[in-house]
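Following: one structure in structure tokens, then a few remarks.
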Amino acid sequence: MGTIRELLPGSLAHVIFAFGHRLYSIRVTTTCDVFIHVEAHCTFSFCSGSHRYETNQIVTDVAGEVVEVGPGVHSFKPGDKVVSMLDFWNAGGLAEYAVASVNMTVDRPPEVSAAEGASLPIAALTALQALRYSGTMFDGTGQPKNVLITAASGGVGSFAVQLAKLGNLHVTATCGARNVDLVKRLGADEVLDYKTPEGKSLSSPSGRKYDVVIHCTVGISWSTFEPNLAANGMVIDITPTPWTWFRSVVKRLTFAKKKLVPLLIFVHDKEDLRFLVQLVQDGKLTTVVDSRHQLSEAPAAWAKSMEGHATGKIIVEMGE
């Protein structure tokens with residue numbers, strides 16, 4: 001393996017090519033890039049694409065070992081184990097090698113496996129930022145609140161349940177019947193099967209009103225949320241539709257006490273990613289893995305992700 005400069009001379013290069021069963025995606029844009037030999041990737045079904053390039057392009061969450069660093073990088077060296085979130089628009093993480101910005105790359109301690117590390121960037125960061133938006137504190141200083149988390153057995157939801165409990169919140173969660181016990185083990189105080197009448201109404205079994213809803217799925221109307229909210233409750237929707245944005249604007253203009261907040265996160269914080277890795281290292285945050293696939297099985301992993309019914313995260317690992 002040559003150096004980055006030998007592989008890709010010049011200030012800007014983006015190469016995708018196949019060699020045997022291995023797919024390489026290499027992008028070098030600045031002197032502050034980190035060249036990573038990827039050990040695990042995590043699929044993310046934000047959008048779809050049947051073309052192999054498009055599938056590779058959307059994967060942003062990786063963990064692996066540093067091969068080389070740009071001349072402006074001083075915090076990493078070859079051999080370091082890392083977790084990284086690649087730039088969304090140029091991701092290319094579903095490959096044996098990837099190039100990441102030092103601004104979203106953190107050290108991965110021995111206690112955190114590659115699969116655990118790769119599962120964190122989009123899903124756990126989204127859960128963390130949604131809860132922080134609601135005012136949740138993770139240092140023991142926050143006020144107790146009641147939170148509802150929909151689709152709590154999914155990638156974002158499974159992290160949201162655990163983080164909410166770390167924030168001293170009372171958690172009501174929804175999921176399918178087969179995952180009720182799992183979500184309870186993650187820490188949920190109350191779990192609703194979303195297919196039952198109680199689950200469809202979202203009513204807390206203990207009669208609580210929700211101060212916050214972390215909405216991680218689709219197909220639930222505001223008229224279902226509204227009667228279950230506390231007087232100043234809010235719904236934070238991480239999968240907003242155009243109708244969500246419209247209703248949110250109307251509520252702001254009319255000074256409604258109950259709020260609907262569309263949440264799209266394009267700017268992520270390296271310190272937040274470091275915080276999440278630390279929680280995993282300390283045994284305070286667990287990754288729920290739906291399935292593991294080799295890189296040669298990536299199309300199957302992607303298809304499973306696009307079905308939208310995974311329990312936790314779908315991991316693609318490098319073979320020997």
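In the structure tokens, the first chain shown is A, the next is B, and so on; residue numbers restart at 1 for each chain, and ligands run from 1 in the order shown.
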Can you list, as a PDB file with N, CA, C and O atoms, in the first residue's frame, every residue of range 54-299 of chain A that DSSP puts in strand (DSSP E)?
```
ATOM      1  N   ASP A  61     -20.861   5.578   8.645  1.00  0.00           N
ATOM      2  CA  ASP A  61     -20.450   5.156   9.983  1.00  0.00           C
ATOM      3  C   ASP A  61     -19.449   4.015   9.913  1.00  0.00           C
ATOM      4  O   ASP A  61     -19.794   2.898   9.501  1.00  0.00           O
ATOM      5  N   VAL A  62     -18.223   4.275  10.325  1.00  0.00           N
ATOM      6  CA  VAL A  62     -17.174   3.277  10.197  1.00  0.00           C
ATOM      7  C   VAL A  62     -16.303   3.235  11.451  1.00  0.00           C
ATOM      8  O   VAL A  62     -16.218   4.194  12.217  1.00  0.00           O
ATOM      9  N   ALA A  63     -15.652   2.082  11.624  1.00  0.00           N
ATOM     10  CA  ALA A  63     -14.620   1.937  12.653  1.00  0.00           C
ATOM     11  C   ALA A  63     -13.495   1.124  12.037  1.00  0.00           C
ATOM     12  O   ALA A  63     -13.725   0.218  11.236  1.00  0.00           O
ATOM     13  N   GLY A  64     -12.268   1.457  12.402  1.00  0.00           N
ATOM     14  CA  GLY A  64     -11.147   0.735  11.822  1.00  0.00           C
ATOM     15  C   GLY A  64      -9.825   1.202  12.377  1.00  0.00           C
ATOM     16  O   GLY A  64      -9.751   1.714  13.499  1.00  0.00           O
ATOM     17  N   GLU A  65      -8.780   1.043  11.559  1.00  0.00           N
ATOM     18  CA  GLU A  65      -7.422   1.370  11.979  1.00  0.00           C
ATOM     19  C   GLU A  65      -6.814   2.392  11.032  1.00  0.00           C
ATOM     20  O   GLU A  65      -6.936   2.280   9.809  1.00  0.00           O
ATOM     21  N   VAL A  66      -6.171   3.379  11.608  1.00  0.00           N
ATOM     22  CA  VAL A  66      -5.537   4.421  10.802  1.00  0.00           C
ATOM     23  C   VAL A  66      -4.361   3.833  10.028  1.00  0.00           C
ATOM     24  O   VAL A  66      -3.497   3.162  10.594  1.00  0.00           O
ATOM     25  N   VAL A  67      -4.346   4.097   8.719  1.00  0.00           N
ATOM     26  CA  VAL A  67      -3.240   3.666   7.856  1.00  0.00           C
ATOM     27  C   VAL A  67      -2.252   4.806   7.656  1.00  0.00           C
ATOM     28  O   VAL A  67      -1.043   4.625   7.709  1.00  0.00           O
ATOM     29  N   GLU A  68      -2.794   5.980   7.423  1.00  0.00           N
ATOM     30  CA  GLU A  68      -1.947   7.158   7.220  1.00  0.00           C
ATOM     31  C   GLU A  68      -2.759   8.396   7.536  1.00  0.00           C
ATOM     32  O   GLU A  68      -4.003   8.355   7.521  1.00  0.00           O
ATOM     33  N   VAL A  69      -2.085   9.488   7.845  1.00  0.00           N
ATOM     34  CA  VAL A  69      -2.767  10.746   8.130  1.00  0.00           C
ATOM     35  C   VAL A  69      -2.202  11.838   7.240  1.00  0.00           C
ATOM     36  O   VAL A  69      -1.066  11.763   6.774  1.00  0.00           O
ATOM     37  N   LYS A  81      -6.668   2.839  16.576  1.00  0.00           N
ATOM     38  CA  LYS A  81      -8.034   2.373  16.345  1.00  0.00           C
ATOM     39  C   LYS A  81      -8.976   3.561  16.507  1.00  0.00           C
ATOM     40  O   LYS A  81      -8.865   4.322  17.480  1.00  0.00           O
ATOM     41  N   VAL A  82      -9.915   3.708  15.571  1.00  0.00           N
ATOM     42  CA  VAL A  82     -10.767   4.895  15.568  1.00  0.00           C
ATOM     43  C   VAL A  82     -12.212   4.556  15.201  1.00  0.00           C
ATOM     44  O   VAL A  82     -12.510   3.497  14.646  1.00  0.00           O
ATOM     45  N   VAL A  83     -13.083   5.498  15.542  1.00  0.00           N
ATOM     46  CA  VAL A  83     -14.467   5.533  15.067  1.00  0.00           C
ATOM     47  C   VAL A  83     -14.607   6.828  14.293  1.00  0.00           C
ATOM     48  O   VAL A  83     -14.109   7.882  14.727  1.00  0.00           O
ATOM     49  N   SER A  84     -15.299   6.771  13.167  1.00  0.00           N
ATOM     50  CA  SER A  84     -15.411   7.977  12.350  1.00  0.00           C
ATOM     51  C   SER A  84     -16.780   8.073  11.699  1.00  0.00           C
ATOM     52  O   SER A  84     -17.405   7.060  11.350  1.00  0.00           O
ATOM     53  N   MET A  85     -17.240   9.309  11.554  1.00  0.00           N
ATOM     54  CA  MET A  85     -18.421   9.599  10.752  1.00  0.00           C
ATOM     55  C   MET A  85     -17.971  10.346   9.515  1.00  0.00           C
ATOM     56  O   MET A  85     -17.451  11.455   9.599  1.00  0.00           O
ATOM     57  N   TYR A  97     -11.347   0.548   2.450  1.00  0.00           N
ATOM     58  CA  TYR A  97     -10.625   1.728   2.913  1.00  0.00           C
ATOM     59  C   TYR A  97     -11.516   2.950   2.736  1.00  0.00           C
ATOM     60  O   TYR A  97     -12.323   3.023   1.813  1.00  0.00           O
ATOM     61  N   ALA A  98     -11.366   3.913   3.617  1.00  0.00           N
ATOM     62  CA  ALA A  98     -12.118   5.157   3.518  1.00  0.00           C
ATOM     63  C   ALA A  98     -11.264   6.288   4.049  1.00  0.00           C
ATOM     64  O   ALA A  98     -10.340   6.071   4.834  1.00  0.00           O
ATOM     65  N   VAL A  99     -11.586   7.495   3.639  1.00  0.00           N
ATOM     66  CA  VAL A  99     -10.895   8.675   4.124  1.00  0.00           C
ATOM     67  C   VAL A  99     -11.883   9.519   4.910  1.00  0.00           C
ATOM     68  O   VAL A  99     -12.971   9.839   4.432  1.00  0.00           O
ATOM     69  N   ALA A 100     -11.511   9.869   6.134  1.00  0.00           N
ATOM     70  CA  ALA A 100     -12.384  10.612   7.031  1.00  0.00           C
ATOM     71  C   ALA A 100     -11.727  11.923   7.446  1.00  0.00           C
ATOM     72  O   ALA A 100     -10.502  12.045   7.457  1.00  0.00           O
ATOM     73  N   SER A 101     -12.556  12.883   7.795  1.00  0.00           N
ATOM     74  CA  SER A 101     -12.045  14.131   8.341  1.00  0.00           C
ATOM     75  C   SER A 101     -11.637  13.909   9.794  1.00  0.00           C
ATOM     76  O   SER A 101     -12.322  13.221  10.551  1.00  0.00           O
ATOM     77  N   THR A 105     -13.510  12.185  13.755  1.00  0.00           N
ATOM     78  CA  THR A 105     -12.826  10.919  14.039  1.00  0.00           C
ATOM     79  C   THR A 105     -12.337  10.955  15.481  1.00  0.00           C
ATOM     80  O   THR A 105     -11.737  11.942  15.913  1.00  0.00           O
ATOM     81  N   VAL A 106     -12.627   9.877  16.223  1.00  0.00           N
ATOM     82  CA  VAL A 106     -12.223   9.809  17.636  1.00  0.00           C
ATOM     83  C   VAL A 106     -11.532   8.476  17.907  1.00  0.00           C
ATOM     84  O   VAL A 106     -11.724   7.491  17.182  1.00  0.00           O
ATOM     85  N   ASP A 107     -10.754   8.437  18.959  1.00  0.00           N
ATOM     86  CA  ASP A 107     -10.076   7.212  19.365  1.00  0.00           C
ATOM     87  C   ASP A 107     -11.087   6.158  19.797  1.00  0.00           C
ATOM     88  O   ASP A 107     -12.111   6.474  20.410  1.00  0.00           O
ATOM     89  N   ASN A 146     -41.086  12.933  31.699  1.00  0.00           N
ATOM     90  CA  ASN A 146     -41.672  11.749  31.084  1.00  0.00           C
ATOM     91  C   ASN A 146     -41.441  11.831  29.587  1.00  0.00           C
ATOM     92  O   ASN A 146     -41.778  12.838  28.956  1.00  0.00           O
ATOM     93  N   VAL A 147     -40.859  10.784  29.025  1.00  0.00           N
ATOM     94  CA  VAL A 147     -40.553  10.782  27.593  1.00  0.00           C
ATOM     95  C   VAL A 147     -41.163   9.559  26.947  1.00  0.00           C
ATOM     96  O   VAL A 147     -41.184   8.465  27.528  1.00  0.00           O
ATOM     97  N   LEU A 148     -41.682   9.743  25.749  1.00  0.00           N
ATOM     98  CA  LEU A 148     -42.141   8.643  24.906  1.00  0.00           C
ATOM     99  C   LEU A 148     -41.160   8.486  23.762  1.00  0.00           C
ATOM    100  O   LEU A 148     -40.800   9.475  23.109  1.00  0.00           O
ATOM    101  N   ILE A 149     -40.713   7.261  23.504  1.00  0.00           N
ATOM    102  CA  ILE A 149     -39.814   6.974  22.389  1.00  0.00           C
ATOM    103  C   ILE A 149     -40.495   5.973  21.485  1.00  0.00           C
ATOM    104  O   ILE A 149     -40.794   4.841  21.898  1.00  0.00           O
ATOM    105  N   HIS A 170     -38.290   9.236  32.869  1.00  0.00           N
ATOM    106  CA  HIS A 170     -39.194   8.090  32.892  1.00  0.00           C
ATOM    107  C   HIS A 170     -39.537   7.777  31.438  1.00  0.00           C
ATOM    108  O   HIS A 170     -40.052   8.630  30.709  1.00  0.00           O
ATOM    109  N   VAL A 171     -39.258   6.550  31.003  1.00  0.00           N
ATOM    110  CA  VAL A 171     -39.354   6.199  29.584  1.00  0.00           C
ATOM    111  C   VAL A 171     -40.531   5.275  29.316  1.00  0.00           C
ATOM    112  O   VAL A 171     -40.633   4.185  29.895  1.00  0.00           O
ATOM    113  N   THR A 172     -41.412   5.735  28.437  1.00  0.00           N
ATOM    114  CA  THR A 172     -42.419   4.873  27.824  1.00  0.00           C
ATOM    115  C   THR A 172     -41.967   4.653  26.391  1.00  0.00           C
ATOM    116  O   THR A 172     -41.544   5.598  25.718  1.00  0.00           O
ATOM    117  N   ALA A 173     -42.029   3.419  25.915  1.00  0.00           N
ATOM    118  CA  ALA A 173     -41.492   3.104  24.586  1.00  0.00           C
ATOM    119  C   ALA A 173     -42.478   2.256  23.803  1.00  0.00           C
ATOM    120  O   ALA A 173     -43.268   1.496  24.381  1.00  0.00           O
ATOM    121  N   THR A 174     -42.425   2.392  22.477  1.00  0.00           N
ATOM    122  CA  THR A 174     -43.226   1.531  21.609  1.00  0.00           C
ATOM    123  C   THR A 174     -42.311   0.667  20.761  1.00  0.00           C
ATOM    124  O   THR A 174     -41.203   1.076  20.385  1.00  0.00           O
ATOM    125  N   CYS A 175     -42.767  -0.530  20.465  1.00  0.00           N
ATOM    126  CA  CYS A 175     -42.042  -1.451  19.589  1.00  0.00           C
ATOM    127  C   CYS A 175     -42.982  -2.592  19.241  1.00  0.00           C
ATOM    128  O   CYS A 175     -44.127  -2.647  19.712  1.00  0.00           O
ATOM    129  N   GLU A 190     -41.938   1.547  30.760  1.00  0.00           N
ATOM    130  CA  GLU A 190     -43.199   1.040  30.217  1.00  0.00           C
ATOM    131  C   GLU A 190     -42.995   0.775  28.725  1.00  0.00           C
ATOM    132  O   GLU A 190     -42.359   1.574  28.033  1.00  0.00           O
ATOM    133  N   VAL A 191     -43.527  -0.330  28.241  1.00  0.00           N
ATOM    134  CA  VAL A 191     -43.382  -0.668  26.830  1.00  0.00           C
ATOM    135  C   VAL A 191     -44.747  -1.005  26.244  1.00  0.00           C
ATOM    136  O   VAL A 191     -45.501  -1.796  26.812  1.00  0.00           O
ATOM    137  N   LEU A 192     -45.050  -0.388  25.102  1.00  0.00           N
ATOM    138  CA  LEU A 192     -46.309  -0.606  24.401  1.00  0.00           C
ATOM    139  C   LEU A 192     -46.061  -1.341  23.095  1.00  0.00           C
ATOM    140  O   LEU A 192     -45.165  -0.961  22.327  1.00  0.00           O
ATOM    141  N   ASP A 193     -46.822  -2.393  22.851  1.00  0.00           N
ATOM    142  CA  ASP A 193     -46.823  -3.043  21.544  1.00  0.00           C
ATOM    143  C   ASP A 193     -47.598  -2.139  20.595  1.00  0.00           C
ATOM    144  O   ASP A 193     -48.795  -1.888  20.791  1.00  0.00           O
ATOM    145  N   TYR A 210     -46.729  13.057  28.460  1.00  0.00           N
ATOM    146  CA  TYR A 210     -45.338  13.118  28.033  1.00  0.00           C
ATOM    147  C   TYR A 210     -44.859  14.565  27.905  1.00  0.00           C
ATOM    148  O   TYR A 210     -45.485  15.380  27.229  1.00  0.00           O
ATOM    149  N   ASP A 211     -43.738  14.832  28.547  1.00  0.00           N
ATOM    150  CA  ASP A 211     -43.089  16.136  28.364  1.00  0.00           C
ATOM    151  C   ASP A 211     -42.371  16.194  27.021  1.00  0.00           C
ATOM    152  O   ASP A 211     -42.262  17.263  26.413  1.00  0.00           O
ATOM    153  N   VAL A 212     -41.888  15.040  26.585  1.00  0.00           N
ATOM    154  CA  VAL A 212     -41.123  14.951  25.342  1.00  0.00           C
ATOM    155  C   VAL A 212     -41.479  13.652  24.632  1.00  0.00           C
ATOM    156  O   VAL A 212     -41.654  12.607  25.278  1.00  0.00           O
ATOM    157  N   VAL A 213     -41.575  13.717  23.314  1.00  0.00           N
ATOM    158  CA  VAL A 213     -41.674  12.521  22.482  1.00  0.00           C
ATOM    159  C   VAL A 213     -40.507  12.537  21.517  1.00  0.00           C
ATOM    160  O   VAL A 213     -40.290  13.528  20.810  1.00  0.00           O
ATOM    161  N   ILE A 214     -39.716  11.464  21.509  1.00  0.00           N
ATOM    162  CA  ILE A 214     -38.686  11.283  20.488  1.00  0.00           C
ATOM    163  C   ILE A 214     -39.293  10.341  19.453  1.00  0.00           C
ATOM    164  O   ILE A 214     -39.428   9.144  19.686  1.00  0.00           O
ATOM    165  N   HIS A 215     -39.691  10.910  18.337  1.00  0.00           N
ATOM    166  CA  HIS A 215     -40.456  10.172  17.328  1.00  0.00           C
ATOM    167  C   HIS A 215     -39.516   9.624  16.265  1.00  0.00           C
ATOM    168  O   HIS A 215     -38.964  10.376  15.455  1.00  0.00           O
ATOM    169  N   LEU A 229     -49.731  14.600  25.353  1.00  0.00           N
ATOM    170  CA  LEU A 229     -48.672  15.526  25.741  1.00  0.00           C
ATOM    171  C   LEU A 229     -49.038  16.312  26.992  1.00  0.00           C
ATOM    172  O   LEU A 229     -50.207  16.648  27.210  1.00  0.00           O
ATOM    173  N   ALA A 230     -48.021  16.624  27.789  1.00  0.00           N
ATOM    174  CA  ALA A 230     -48.191  17.552  28.898  1.00  0.00           C
ATOM    175  C   ALA A 230     -48.481  18.940  28.339  1.00  0.00           C
ATOM    176  O   ALA A 230     -48.369  19.188  27.133  1.00  0.00           O
ATOM    177  N   ALA A 231     -48.855  19.874  29.212  1.00  0.00           N
ATOM    178  CA  ALA A 231     -49.291  21.205  28.772  1.00  0.00           C
ATOM    179  C   ALA A 231     -48.273  21.890  27.866  1.00  0.00           C
ATOM    180  O   ALA A 231     -48.642  22.569  26.905  1.00  0.00           O
ATOM    181  N   ASN A 232     -46.995  21.711  28.144  1.00  0.00           N
ATOM    182  CA  ASN A 232     -45.935  22.318  27.329  1.00  0.00           C
ATOM    183  C   ASN A 232     -45.075  21.255  26.651  1.00  0.00           C
ATOM    184  O   ASN A 232     -43.882  21.464  26.421  1.00  0.00           O
ATOM    185  N   GLY A 233     -45.697  20.132  26.340  1.00  0.00           N
ATOM    186  CA  GLY A 233     -44.960  19.020  25.752  1.00  0.00           C
ATOM    187  C   GLY A 233     -44.536  19.283  24.321  1.00  0.00           C
ATOM    188  O   GLY A 233     -45.089  20.140  23.633  1.00  0.00           O
ATOM    189  N   MET A 234     -43.532  18.534  23.880  1.00  0.00           N
ATOM    190  CA  MET A 234     -43.058  18.671  22.505  1.00  0.00           C
ATOM    191  C   MET A 234     -42.814  17.310  21.878  1.00  0.00           C
ATOM    192  O   MET A 234     -42.458  16.350  22.565  1.00  0.00           O
ATOM    193  N   VAL A 235     -43.048  17.243  20.581  1.00  0.00           N
ATOM    194  CA  VAL A 235     -42.720  16.061  19.787  1.00  0.00           C
ATOM    195  C   VAL A 235     -41.518  16.412  18.927  1.00  0.00           C
ATOM    196  O   VAL A 235     -41.577  17.350  18.125  1.00  0.00           O
ATOM    197  N   ILE A 236     -40.423  15.690  19.109  1.00  0.00           N
ATOM    198  CA  ILE A 236     -39.227  15.881  18.290  1.00  0.00           C
ATOM    199  C   ILE A 236     -39.219  14.779  17.249  1.00  0.00           C
ATOM    200  O   ILE A 236     -39.060  13.598  17.567  1.00  0.00           O
ATOM    201  N   ASP A 237     -39.431  15.155  16.007  1.00  0.00           N
ATOM    202  CA  ASP A 237     -39.606  14.197  14.911  1.00  0.00           C
ATOM    203  C   ASP A 237     -38.299  14.072  14.139  1.00  0.00           C
ATOM    204  O   ASP A 237     -37.869  15.021  13.478  1.00  0.00           O
ATOM    205  N   LYS A 259     -45.572  21.718  21.141  1.00  0.00           N
ATOM    206  CA  LYS A 259     -44.717  21.998  19.988  1.00  0.00           C
ATOM    207  C   LYS A 259     -44.422  20.732  19.183  1.00  0.00           C
ATOM    208  O   LYS A 259     -44.332  19.628  19.727  1.00  0.00           O
ATOM    209  N   LEU A 260     -44.220  20.946  17.891  1.00  0.00           N
ATOM    210  CA  LEU A 260     -43.764  19.898  16.978  1.00  0.00           C
ATOM    211  C   LEU A 260     -42.449  20.370  16.378  1.00  0.00           C
ATOM    212  O   LEU A 260     -42.387  21.427  15.745  1.00  0.00           O
ATOM    213  N   VAL A 261     -41.388  19.595  16.609  1.00  0.00           N
ATOM    214  CA  VAL A 261     -40.043  20.018  16.216  1.00  0.00           C
ATOM    215  C   VAL A 261     -39.459  19.040  15.199  1.00  0.00           C
ATOM    216  O   VAL A 261     -39.100  17.916  15.542  1.00  0.00           O
ATOM    217  N   PRO A 262     -39.373  19.433  13.924  1.00  0.00           N
ATOM    218  CA  PRO A 262     -38.669  18.580  12.950  1.00  0.00           C
ATOM    219  C   PRO A 262     -37.168  18.668  13.227  1.00  0.00           C
ATOM    220  O   PRO A 262     -36.626  19.755  13.393  1.00  0.00           O
ATOM    221  N   VAL A 289     -27.352  -5.280  18.095  1.00  0.00           N
ATOM    222  CA  VAL A 289     -26.973  -5.686  16.734  1.00  0.00           C
ATOM    223  C   VAL A 289     -28.034  -6.612  16.165  1.00  0.00           C
ATOM    224  O   VAL A 289     -28.314  -7.679  16.720  1.00  0.00           O
ATOM    225  N   ASP A 290     -28.627  -6.199  15.075  1.00  0.00           N
ATOM    226  CA  ASP A 290     -29.631  -7.022  14.393  1.00  0.00           C
ATOM    227  C   ASP A 290     -28.967  -8.186  13.679  1.00  0.00           C
ATOM    228  O   ASP A 290     -29.378  -9.338  13.814  1.00  0.00           O
ATOM    229  N   SER A 291     -27.931  -7.886  12.905  1.00  0.00           N
ATOM    230  CA  SER A 291     -27.254  -8.923  12.122  1.00  0.00           C
ATOM    231  C   SER A 291     -25.881  -8.440  11.704  1.00  0.00           C
ATOM    232  O   SER A 291     -25.612  -7.234  11.670  1.00  0.00           O
ATOM    233  N   ARG A 292     -25.016  -9.400  11.396  1.00  0.00           N
ATOM    234  CA  ARG A 292     -23.666  -9.109  10.936  1.00  0.00           C
ATOM    235  C   ARG A 292     -23.470  -9.727   9.559  1.00  0.00           C
ATOM    236  O   ARG A 292     -23.902 -10.856   9.307  1.00  0.00           O
ATOM    237  N   HIS A 293     -22.798  -9.013   8.681  1.00  0.00           N
ATOM    238  CA  HIS A 293     -22.574  -9.470   7.317  1.00  0.00           C
ATOM    239  C   HIS A 293     -21.126  -9.202   6.928  1.00  0.00           C
ATOM    240  O   HIS A 293     -20.513  -8.236   7.393  1.00  0.00           O
ATOM    241  N   GLN A 294     -20.598 -10.034   6.047  1.00  0.00           N
ATOM    242  CA  GLN A 294     -19.294  -9.762   5.454  1.00  0.00           C
ATOM    243  C   GLN A 294     -19.462  -8.760   4.317  1.00  0.00           C
ATOM    244  O   GLN A 294     -20.564  -8.552   3.806  1.00  0.00           O
TER     245      GLN A 294
END
```
### Task
From the DSSP assignment of the backbone, select every residue of range 67-247 of chain A that is helix (DSSP H, G or I), and format the answer as a PyMOL selection string.
chain A and resi 88-90+102-104+114-118+121-133+155-166+177-186+197-201+222-228+242-247
### Task
Compile the contact shell of Pro121 in chain A as a VMD selection string: residues with an atom at most 12 Å away, counting only C-alpha atoms, same-chain residues fewer than 6 positions apart removed.
chain A and resid 41 to 44 59 to 63 82 to 88 104 to 106 115 127 to 129 155 to 156 159 265 267 to 277 287 313
### Query
Hey, which of A:Ser158, A:Ser153, A:Thr141, A:Asn228 ends up closest to Tyr194 in chain A? Count only C-alpha atoms.
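Closest candidate: A:Ser153.
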### Query
Closest to Leu182 in chain A among A:Ser305, A:Thr136, A:Thr286, A:Ser113, using only C-alpha atoms?
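So, comparing all the options, the nearest one is A:Thr286.
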